[in-house]
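Novice: Could you have a look at this structure, given as structure tokens, before my questions?
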Amino acid sequence: MKRINKKHPLAVRWFHWINFPVLGVMIWSGLLIYWANDEYRLGWGDKTILEFFPDSFYKALSVPFHLADGMALHFVFMWFFVINGLLYVLYTAFSGEWKYLLPDKKSFKEAGQVLLHDLQISKYKPPQSRYNGAQKIAYSLIILMGFGSLLTGLAIYKPVQFGWITFLLGGYEWARIEHFALTIGYVLFFVIHIAQVIKAGWKNFSAMVTGFEVEKVNETEIINITAETPITDSNQPQTL
Amino acid sequence: METNPQNQEENKLNRYIRRKTILSFSVLIAFFVLAIFGWKWLGKQPREAGALKPLRKVLNVNEKVNNAIFSETHLAKEYPKSAAIKNVRVNGNLGMNKDFNADNWKLIISRHPKISSSDSTLELTMKDIYTIPKRDLVFDFKCIEGWSQITYWGGVKFSDFITKYHLGTHSGKSFDTNHPEDLYKYVGLMTPDSAYYVGIDMKSMLQPQTILCYELNEQPLPMNQGYPLRLIIPVKYGVKNLKRIGYIYFSDTPPRDYWFEHGYIYDAAL
């Protein structure tokens, strides 16, 4: 016996999959811009732990040193990034999808449990509706980061016309650092996200493409679940 | 079993799942194939003024947006003199010909787009510039490469300059805020050797922080900073702050611009 659980609405899947290559182009073109003044590092005094970026990094990615191309790409694809992001936020707000996304008090405790479970410290896996606590926090945070990229981006793109944004972010040079740090944040998010998707398995990944998860259930369960499950699609056959 | 209604339902559901899965994955794969081909296509497009043509088209739209959000009342933040750096960075020597003889320097101004007749050109020396009230400016100079420096400049407001010499208008009269249509839309500037040249919209040139600059840190401009006279325009990236001005002219169409021709956005607006 099978049952279809509706998971991700079509709009959200489109926003997600469009954002993927668009953010990719933004990061790539951002690198072409950053390269022209690549002064950031992690460390103190003369001690450098991590340099952004060593020559080997540029070489490995065969970064073409074209500031003009980087700027052109960045200031064209910014429109796709912003419009797609805004549409996602509007959709999430008005469709009620935000209810599954926004973390609450419980989420933080749950996130800790998820972390312990994923690090194989604890065997307890908290129950999950659409997203577990850790996911709620991570996915809400990434939206905030997107908004942060927009603000810090505006602050360095038009520091005179949007001088008040630049000022609130601590000035031009700070805004540039923040814009860069957020990008490093996306890359870290991406690495963890991919690892988690692989770990969660095919069914979970497939749901981000098709929108539904197929669940095997036995007959006695069906009767109970169909009566109660809120996340189902009434237009589609749900149970057998 | 074949006729069992429950089994029929299950087959129906299985078919539905399969159809939906194949469809969704096909659409996603098609989307990514399209994205990859789109990216490759973009890279193969001809270039217009150094930028890939489709990108250039959007940059031109961006410029209209920049123009719409521009306000001359939005001033660049100014700092106390003590905040200014002493060791000012020198970036680029385009137009900084070594054979330049400062003693022979003259600022050559055409009242119109082309030097057509002698009475439409004007030749000035530094003495003429000094007759206009001086304006000091300490601000965060921003290079398109991504660095910035708080620097201290001195010179004369460009708006004062064109008012005094009746420049920048079609009529040849002193510009009048009641007749903005009389103003040319652009100002062109060029080094004496014509190797470096920029075009700037009139609104930005008339912004009160735009100066024809002859001092850096209260000293005459160093040779490598554009002695004797350069442009300082805080609403633009450094690339527009042309050093060693040789020529100034006015136009309704965008004047030639060195870095625009090398793929950058024309307005370089901040």
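Residues in the structure tokens are named by chain (A, B, ... in the order shown) and by number from 1 within that chain; ligands are numbered from 1 in the order shown.
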Would you mind listing, as number ranges by chain, all residues of chain B that have at least one atom within 8 Å of chain A, where only C-alpha atoms are what counts?
Specialist: B: 6, 9-10, 13, 20-21, 24-25, 28, 35, 51, 55-56, 58-59, 62, 69-71, 74-77, 145-148, 235, 262-265, 269-270
Novice: So how far away is CA of Lys142 (chain B) from CA of Tyr266 (chain B), in Å?
Specialist: 16.3 Å
Novice: Check the DSSP output for the backbone and give back, as a ChimeraX atom specification, the residues of region 5-240 of chain A in alpha helix (DSSP H).
Specialist: /A:10-34,55-60,67-95,98-101,105-118,133-157,163-168,172-200,202-210,219-228
Novice: Give me, as a short mmCIF file (atom, residue, chain, number, x, y, z; two decimals) with C-alpha atoms, in the first residue's frame, all polymer residues having an atom no more than 12 Å from region 116-129 of chain A, counting only C-alpha atoms and skipping those fewer than 3 positions away in the same chain.
Specialist:
data_model
loop_
_atom_site.label_atom_id
_atom_site.label_comp_id
_atom_site.auth_asym_id
_atom_site.auth_seq_id
_atom_site.Cartn_x
_atom_site.Cartn_y
_atom_site.Cartn_z
CA ASN A 5 2.34 12.94 1.06
CA LYS A 6 2.43 16.36 -0.51
CA LYS A 7 5.59 18.10 0.60
CA LYS A 99 4.09 28.01 9.14
CA TYR A 100 6.23 25.03 8.18
CA LEU A 101 9.35 27.13 7.82
CA LYS A 106 10.73 24.11 20.31
CA SER A 107 12.83 24.27 17.16
CA PHE A 108 16.01 25.25 18.96
CA LYS A 109 15.87 22.34 21.37
CA GLU A 110 14.98 20.08 18.47
CA ALA A 111 17.86 21.46 16.41
CA GLY A 112 20.23 20.46 19.20
CA GLN A 113 18.77 16.95 19.19
CA ASN A 132 12.84 19.40 11.65
CA GLY A 133 14.00 22.15 14.00
CA ALA A 134 17.48 22.31 12.51
CA GLN A 135 16.08 22.63 9.01
CA LYS A 136 13.63 25.33 10.07
CA ILE A 192 26.28 20.99 4.56
CA ALA A 195 25.79 16.34 2.66
CA GLN A 196 22.41 16.32 4.43
CA LYS A 199 22.28 11.46 3.96
CA ALA A 200 18.49 11.88 3.87
CA THR A 229 -3.06 14.13 8.22
CA PRO A 230 -3.18 17.83 7.41
CA ILE A 231 -0.56 17.89 4.65
#
Novice: Fewer than 2 positions away in the same chain doesn't count, so skip those; otherwise give me all residues within 12 Å of region 92-94 of chain A, counting only C-alpha atoms, as a list in words.
Specialist: His8, Pro9, Leu10, Ala11, Val12, Arg13, Phe15, Gly85, Leu86, Leu87, Tyr88, Val89, Leu90, Gly96, Glu97, Trp98, Lys99, Tyr100, Leu101, Leu102, Ser140 and Ile143 of chain A
Novice: Mind dumping the selected residues with C-alpha atoms as a PDB file, in the first residue's frame?
Specialist:
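The result, written out as part_11.pdb:
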ATOM      1  CA  HIS A   8       6.858  21.039  -1.457  1.00  0.00           C
ATOM      2  CA  PRO A   9       4.481  23.213  -3.526  1.00  0.00           C
ATOM      3  CA  LEU A  10       5.360  23.691  -7.185  1.00  0.00           C
ATOM      4  CA  ALA A  11       6.187  27.385  -6.702  1.00  0.00           C
ATOM      5  CA  VAL A  12       8.676  26.654  -3.929  1.00  0.00           C
ATOM      6  CA  ARG A  13      10.389  24.015  -6.057  1.00  0.00           C
ATOM      7  CA  PHE A  15      12.120  29.201  -6.622  1.00  0.00           C
ATOM      8  CA  GLY A  85      13.978  35.822  -3.703  1.00  0.00           C
ATOM      9  CA  LEU A  86      11.223  38.404  -3.310  1.00  0.00           C
ATOM     10  CA  LEU A  87       8.678  36.192  -5.076  1.00  0.00           C
ATOM     11  CA  TYR A  88       9.637  33.321  -2.794  1.00  0.00           C
ATOM     12  CA  VAL A  89       9.176  35.437   0.323  1.00  0.00           C
ATOM     13  CA  LEU A  90       5.833  36.795  -0.916  1.00  0.00           C
ATOM     14  CA  GLY A  96       0.799  30.103   4.704  1.00  0.00           C
ATOM     15  CA  GLU A  97       3.875  28.027   3.878  1.00  0.00           C
ATOM     16  CA  TRP A  98       5.763  30.091   6.445  1.00  0.00           C
ATOM     17  CA  LYS A  99       4.089  28.008   9.139  1.00  0.00           C
ATOM     18  CA  TYR A 100       6.230  25.027   8.175  1.00  0.00           C
ATOM     19  CA  LEU A 101       9.348  27.131   7.817  1.00  0.00           C
ATOM     20  CA  LEU A 102       9.655  29.569  10.698  1.00  0.00           C
ATOM     21  CA  SER A 140      14.968  30.634   7.660  1.00  0.00           C
ATOM     22  CA  ILE A 143      16.465  33.644   3.595  1.00  0.00           C
TER      23      ILE A 143
END
Novice: For CA of Pro5 (chain B) and CA of Arg18 (chain B), quote the distance in Å rounded to one decimal.
Specialist: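 That distance, rounded to one decimal, is 19.9 Å.
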Novice: Could you tell me, as a ChimeraX atom specification, which residues of region 80-229 of chain B DSSP assigns to strand (DSSP E or B) when given the backbone?
Specialist: /B:107-110,121-124,135-142,148-157,169,183,186-190,197-201,211-216,219-220
Novice: Okay, now the selection with C-alpha atoms, as a short mmCIF file (atom, residue, chain, number, x, y, z; two decimals), in the first residue's frame?
Specialist:
data_model
loop_
_atom_site.label_atom_id
_atom_site.label_comp_id
_atom_site.auth_asym_id
_atom_site.auth_seq_id
_atom_site.Cartn_x
_atom_site.Cartn_y
_atom_site.Cartn_z
CA LEU B 107 42.92 74.01 -19.92
CA ILE B 108 41.22 73.94 -23.29
CA ILE B 109 37.45 74.11 -23.14
CA SER B 110 35.02 73.71 -25.96
CA THR B 121 36.82 77.48 -27.35
CA LEU B 122 38.27 78.90 -24.22
CA GLU B 123 41.80 78.55 -22.91
CA LEU B 124 42.42 78.96 -19.20
CA ARG B 135 36.30 74.23 -1.66
CA ASP B 136 37.91 71.57 0.55
CA LEU B 137 36.67 68.03 0.46
CA VAL B 138 37.57 65.09 2.72
CA PHE B 139 35.75 61.96 1.60
CA ASP B 140 36.11 58.23 1.08
CA PHE B 141 37.54 57.88 -2.43
CA LYS B 142 36.36 54.59 -3.93
CA SER B 148 38.76 52.98 -0.70
CA GLN B 149 40.71 55.70 1.11
CA ILE B 150 39.69 58.78 3.05
CA THR B 151 41.50 61.56 1.23
CA TYR B 152 41.66 65.33 1.46
CA TRP B 153 41.33 67.39 -1.72
CA GLY B 154 41.01 71.06 -2.55
CA GLY B 155 39.74 72.83 -5.64
CA VAL B 156 36.78 74.67 -7.12
CA LYS B 157 33.24 73.47 -7.52
CA THR B 169 24.70 75.61 -21.94
CA LEU B 183 22.20 72.56 -20.13
CA TYR B 186 27.10 65.41 -20.63
CA VAL B 187 30.58 66.67 -19.95
CA GLY B 188 33.61 65.14 -21.63
CA LEU B 189 37.10 65.34 -20.12
CA MET B 190 40.39 64.28 -21.64
CA TYR B 197 39.07 60.27 -21.52
CA VAL B 198 35.80 60.10 -19.61
CA GLY B 199 32.21 61.14 -20.10
CA ILE B 200 30.02 62.16 -17.17
CA ASP B 201 26.36 63.12 -16.93
CA ILE B 211 35.46 69.77 -7.89
CA LEU B 212 38.19 70.71 -10.32
CA CYS B 213 40.95 69.85 -7.91
CA TYR B 214 44.44 71.30 -7.57
CA GLU B 215 45.41 70.36 -4.01
CA LEU B 216 45.97 67.14 -2.12
CA GLN B 219 49.75 70.82 -1.13
CA PRO B 220 49.71 71.23 -4.91
#
